[in-house]
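Chemist: As input, take entry.pdb (PDB, C-alpha atoms):
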```
ATOM      1  CA  MET A 172     -13.732   3.193   3.037  1.00  0.00           C
ATOM      2  CA  HIS A 173     -13.585   3.147  -0.756  1.00  0.00           C
ATOM      3  CA  SER A 174     -16.841   4.015  -2.554  1.00  0.00           C
ATOM      4  CA  LEU A 175     -16.768   0.681  -4.428  1.00  0.00           C
ATOM      5  CA  TYR A 176     -16.852  -1.254  -1.141  1.00  0.00           C
ATOM      6  CA  LEU A 177     -19.647   0.980   0.105  1.00  0.00           C
ATOM      7  CA  ALA A 178     -21.725   0.339  -3.024  1.00  0.00           C
ATOM      8  CA  ILE A 179     -21.169  -3.420  -2.867  1.00  0.00           C
ATOM      9  CA  ASN A 180     -22.041  -3.445   0.842  1.00  0.00           C
ATOM     10  CA  GLU A 181     -25.342  -1.735   0.015  1.00  0.00           C
ATOM     11  CA  LEU A 182     -26.356  -4.584  -2.309  1.00  0.00           C
ATOM     12  CA  GLU A 183     -28.880  -7.061  -0.976  1.00  0.00           C
ATOM     13  CA  PRO A 184     -28.855 -10.811  -1.704  1.00  0.00           C
ATOM     14  CA  ILE A 185     -32.028 -10.628  -3.772  1.00  0.00           C
ATOM     15  CA  ALA A 186     -32.825 -11.517  -7.361  1.00  0.00           C
ATOM     16  CA  LEU A 187     -33.058  -8.653  -9.816  1.00  0.00           C
ATOM     17  CA  THR A 188     -33.821  -9.219 -13.455  1.00  0.00           C
ATOM     18  CA  PHE A 189     -34.553  -7.482 -16.723  1.00  0.00           C
ATOM     19  CA  ASP A 190     -37.147  -4.695 -16.673  1.00  0.00           C
ATOM     20  CA  GLU A 191     -37.279  -4.378 -12.879  1.00  0.00           C
ATOM     21  CA  GLN A 192     -37.137  -0.916 -11.374  1.00  0.00           C
ATOM     22  CA  GLY A 193     -36.340   0.608  -8.037  1.00  0.00           C
ATOM     23  CA  VAL A 194     -33.770   1.561  -5.442  1.00  0.00           C
ATOM     24  CA  ASP A 195     -32.149  -1.891  -5.485  1.00  0.00           C
ATOM     25  CA  VAL A 196     -31.454  -1.470  -9.210  1.00  0.00           C
ATOM     26  CA  VAL A 197     -29.940   1.972  -8.560  1.00  0.00           C
ATOM     27  CA  THR A 198     -27.620   0.393  -5.980  1.00  0.00           C
ATOM     28  CA  LEU A 199     -26.669  -2.384  -8.400  1.00  0.00           C
ATOM     29  CA  GLN A 200     -26.025   0.072 -11.246  1.00  0.00           C
ATOM     30  CA  THR A 201     -23.850   2.196  -8.961  1.00  0.00           C
ATOM     31  CA  ALA A 202     -21.725  -0.786  -7.948  1.00  0.00           C
ATOM     32  CA  LEU A 203     -21.440  -1.961 -11.563  1.00  0.00           C
ATOM     33  CA  ARG A 204     -20.394   1.521 -12.692  1.00  0.00           C
ATOM     34  CA  LEU A 205     -17.732   1.714  -9.981  1.00  0.00           C
ATOM     35  CA  LEU A 206     -16.464  -1.677 -11.162  1.00  0.00           C
ATOM     36  CA  GLY A 207     -16.164  -0.237 -14.649  1.00  0.00           C
ATOM     37  CA  CYS A 208     -18.519  -2.639 -16.389  1.00  0.00           C
ATOM     38  CA  TYR A 209     -21.600  -0.391 -16.605  1.00  0.00           C
ATOM     39  CA  SER A 210     -21.691   2.812 -18.623  1.00  0.00           C
ATOM     40  CA  GLY A 211     -25.419   3.449 -18.761  1.00  0.00           C
ATOM     41  CA  GLU A 212     -27.485   5.893 -16.783  1.00  0.00           C
ATOM     42  CA  ILE A 213     -28.107   5.203 -13.124  1.00  0.00           C
ATOM     43  CA  ASP A 214     -31.849   5.369 -13.517  1.00  0.00           C
ATOM     44  CA  GLY A 215     -33.146   2.432 -11.490  1.00  0.00           C
ATOM     45  CA  HIS A 216     -34.276   0.516 -14.576  1.00  0.00           C
ATOM     46  CA  TYR A 217     -32.753  -2.928 -15.172  1.00  0.00           C
ATOM     47  CA  GLY A 218     -32.341  -2.605 -18.906  1.00  0.00           C
ATOM     48  CA  VAL A 219     -30.067  -3.950 -21.612  1.00  0.00           C
ATOM     49  CA  LYS A 220     -26.901  -2.276 -20.296  1.00  0.00           C
ATOM     50  CA  THR A 221     -27.485  -3.425 -16.730  1.00  0.00           C
ATOM     51  CA  ARG A 222     -28.072  -6.980 -17.924  1.00  0.00           C
ATOM     52  CA  ALA A 223     -24.883  -6.870 -20.029  1.00  0.00           C
ATOM     53  CA  ALA A 224     -22.869  -5.632 -17.053  1.00  0.00           C
ATOM     54  CA  VAL A 225     -24.244  -8.390 -14.814  1.00  0.00           C
ATOM     55  CA  LYS A 226     -23.337 -10.925 -17.523  1.00  0.00           C
ATOM     56  CA  ALA A 227     -19.785  -9.548 -17.565  1.00  0.00           C
ATOM     57  CA  VAL A 228     -19.525 -10.048 -13.805  1.00  0.00           C
ATOM     58  CA  GLN A 229     -20.944 -13.562 -14.106  1.00  0.00           C
ATOM     59  CA  GLU A 230     -18.452 -14.431 -16.842  1.00  0.00           C
ATOM     60  CA  TYR A 231     -15.568 -13.040 -14.794  1.00  0.00           C
ATOM     61  CA  PHE A 232     -16.521 -15.300 -11.893  1.00  0.00           C
ATOM     62  CA  GLU A 233     -17.211 -18.234 -14.248  1.00  0.00           C
ATOM     63  CA  LEU A 234     -20.919 -18.329 -13.414  1.00  0.00           C
ATOM     64  CA  SER A 235     -23.689 -18.977 -15.914  1.00  0.00           C
ATOM     65  CA  ALA A 236     -24.117 -15.717 -17.821  1.00  0.00           C
ATOM     66  CA  THR A 237     -27.863 -15.314 -17.361  1.00  0.00           C
ATOM     67  CA  GLY A 238     -27.849 -11.564 -16.823  1.00  0.00           C
ATOM     68  CA  ILE A 239     -29.855 -12.038 -13.633  1.00  0.00           C
ATOM     69  CA  PHE A 240     -28.403 -10.534 -10.469  1.00  0.00           C
ATOM     70  CA  ASP A 241     -28.928 -13.303  -7.941  1.00  0.00           C
ATOM     71  CA  THR A 242     -27.464 -14.555  -4.676  1.00  0.00           C
ATOM     72  CA  LYS A 243     -24.503 -16.183  -6.485  1.00  0.00           C
ATOM     73  CA  VAL A 244     -23.475 -12.869  -8.040  1.00  0.00           C
ATOM     74  CA  TRP A 245     -24.122 -11.039  -4.781  1.00  0.00           C
ATOM     75  CA  TYR A 246     -21.962 -13.508  -2.864  1.00  0.00           C
ATOM     76  CA  MET A 247     -19.088 -13.279  -5.348  1.00  0.00           C
ATOM     77  CA  LEU A 248     -19.075  -9.479  -5.205  1.00  0.00           C
ATOM     78  CA  SER A 249     -19.574  -9.178  -1.455  1.00  0.00           C
ATOM     79  CA  SER A 250     -16.864 -11.729  -0.633  1.00  0.00           C
ATOM     80  CA  TRP A 251     -14.380 -10.637  -3.319  1.00  0.00           C
ATOM     81  CA  ASN A 252     -11.171 -10.118  -1.405  1.00  0.00           C
ATOM     82  CA  ALA A 253      -9.326  -7.728  -3.681  1.00  0.00           C
ATOM     83  CA  SER A 254      -8.349  -4.112  -3.559  1.00  0.00           C
ATOM     84  CA  PRO A 255     -10.802  -1.682  -5.167  1.00  0.00           C
ATOM     85  CA  GLU A 256      -8.206  -0.900  -7.803  1.00  0.00           C
ATOM     86  CA  LYS A 257      -7.811  -4.573  -8.717  1.00  0.00           C
ATOM     87  CA  MET A 258     -11.590  -5.027  -8.772  1.00  0.00           C
ATOM     88  CA  MET A 259     -12.002  -2.136 -11.187  1.00  0.00           C
ATOM     89  CA  GLN A 260      -9.182  -3.366 -13.446  1.00  0.00           C
ATOM     90  CA  ALA A 261     -10.943  -6.709 -13.874  1.00  0.00           C
ATOM     91  CA  PHE A 262     -13.477  -5.116 -16.229  1.00  0.00           C
ATOM     92  CA  ILE A 263     -11.266  -2.772 -18.241  1.00  0.00           C
TER      93      ILE A 263
END
```
Represent the structure from my file as structure tokens, please.
Modeler:
Amino acid sequence: MHSLYLAINELEPIALTFDEQGVDVVTLQTALRLLGCYSGEIDGHYGVKTRAAVKAVQEYFELSATGIFDTKVWYMLSSWNASPEKMMQAFI
């Protein structure tokens, strides 16, 4: 299985927001990096770059660009029926 699918499958349908820290943020950052919309460090801190990447995903899916990873974003990523290559090209 492609590493992008594995990272997305590891995400939980929970809310993560600015300045949070932990393993869930590491998982989110990993998935966002594999998508190509996050270039920051995978450090487990939901900072400016993580928020910007989440906003990019929200804008792609035509959701309100709040920068908060919530169940809507989780659902869109986890149910996105596209090849990993197509997923990654969406944010280039």
Chemist: Using Å and a single decimal, report how far atom CA of Asp195 of chain A sits from atom CA of Leu177 of chain A.
Modeler: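 Separation between atom CA of Leu177 of chain A and atom CA of Asp195 of chain A: 14.0 Å.
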Chemist: I'd like the contact shell of Asp241 of chain A - 10 Å cut-off, all atoms listed in the file, skipping same-chain residues fewer than 3 positions apart - returned as a compact mmCIF listing (two decimals) with C-alpha atoms, keeping the file's coordinate frame.
Modeler:
```txt
# COMPACT_ATOMS: atom_id res chain seq x y z
CA GLU A 183 -28.88 -7.06 -0.98
CA PRO A 184 -28.86 -10.81 -1.70
CA ILE A 185 -32.03 -10.63 -3.77
CA ALA A 186 -32.83 -11.52 -7.36
CA LEU A 187 -33.06 -8.65 -9.82
CA THR A 188 -33.82 -9.22 -13.46
CA VAL A 225 -24.24 -8.39 -14.81
CA THR A 237 -27.86 -15.31 -17.36
CA GLY A 238 -27.85 -11.56 -16.82
CA VAL A 244 -23.48 -12.87 -8.04
CA TRP A 245 -24.12 -11.04 -4.78
CA TYR A 246 -21.96 -13.51 -2.86
```
Chemist: To one decimal place in Å, what is the distance between atom CA of Thr221 of chain A and atom CA of Phe240 of chain A?
Modeler: 9.5 Å
Chemist: Output the residue selection produced by the PyMOL selection byres ((chain A and resi 174) around 12) on the file above, formatted as a PDB file with C-alpha atoms, in the coordinates of the input.
Modeler:
```
ATOM      1  CA  MET A 172     -13.732   3.193   3.037  1.00  0.00           C
ATOM      2  CA  HIS A 173     -13.585   3.147  -0.756  1.00  0.00           C
ATOM      3  CA  LEU A 175     -16.768   0.681  -4.428  1.00  0.00           C
ATOM      4  CA  TYR A 176     -16.852  -1.254  -1.141  1.00  0.00           C
ATOM      5  CA  LEU A 177     -19.647   0.980   0.105  1.00  0.00           C
ATOM      6  CA  ALA A 178     -21.725   0.339  -3.024  1.00  0.00           C
ATOM      7  CA  ILE A 179     -21.169  -3.420  -2.867  1.00  0.00           C
ATOM      8  CA  ASN A 180     -22.041  -3.445   0.842  1.00  0.00           C
ATOM      9  CA  GLU A 181     -25.342  -1.735   0.015  1.00  0.00           C
ATOM     10  CA  THR A 198     -27.620   0.393  -5.980  1.00  0.00           C
ATOM     11  CA  THR A 201     -23.850   2.196  -8.961  1.00  0.00           C
ATOM     12  CA  ALA A 202     -21.725  -0.786  -7.948  1.00  0.00           C
ATOM     13  CA  LEU A 203     -21.440  -1.961 -11.563  1.00  0.00           C
ATOM     14  CA  ARG A 204     -20.394   1.521 -12.692  1.00  0.00           C
ATOM     15  CA  LEU A 205     -17.732   1.714  -9.981  1.00  0.00           C
ATOM     16  CA  LEU A 206     -16.464  -1.677 -11.162  1.00  0.00           C
ATOM     17  CA  SER A 254      -8.349  -4.112  -3.559  1.00  0.00           C
ATOM     18  CA  PRO A 255     -10.802  -1.682  -5.167  1.00  0.00           C
ATOM     19  CA  GLU A 256      -8.206  -0.900  -7.803  1.00  0.00           C
ATOM     20  CA  MET A 259     -12.002  -2.136 -11.187  1.00  0.00           C
TER      21      MET A 259
END
```
Chemist: Fewer than 6 positions away in the same chain doesn't count, so skip those; otherwise give me all residues within 9 Å of Gly218 of chain A, counting all atoms listed in the file, as a list in words.
Modeler: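 Here the answer would be Thr188, Phe189, Asp190 and Glu191 of chain A.
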Chemist: To one decimal in Å, tell me the separation between atom CA of Lys243 of chain A and atom CA of Val197 of chain A.
Modeler: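 It comes out at 19.1 Å.
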Chemist: Where does the PyMOL selection byres ((chain A and resi 208) around 12) land in this file, that is, which residues does it pick, as a PyMOL selection string?
Modeler: chain A and resi 199-207+209-211+220-231+258-263
Chemist: Would you give the centre and edge lengths, in Å to one decimal, of a box along x, y and z around the listed atoms of segment 196-215 of chain A, with 4 Å added to each side, as lines of an AutoDock Vina configuration file?
Modeler:
```
center_x = -24.7
center_y = 1.6
center_z = -12.4
size_x = 25.0
size_y = 16.5
size_z = 20.8
```
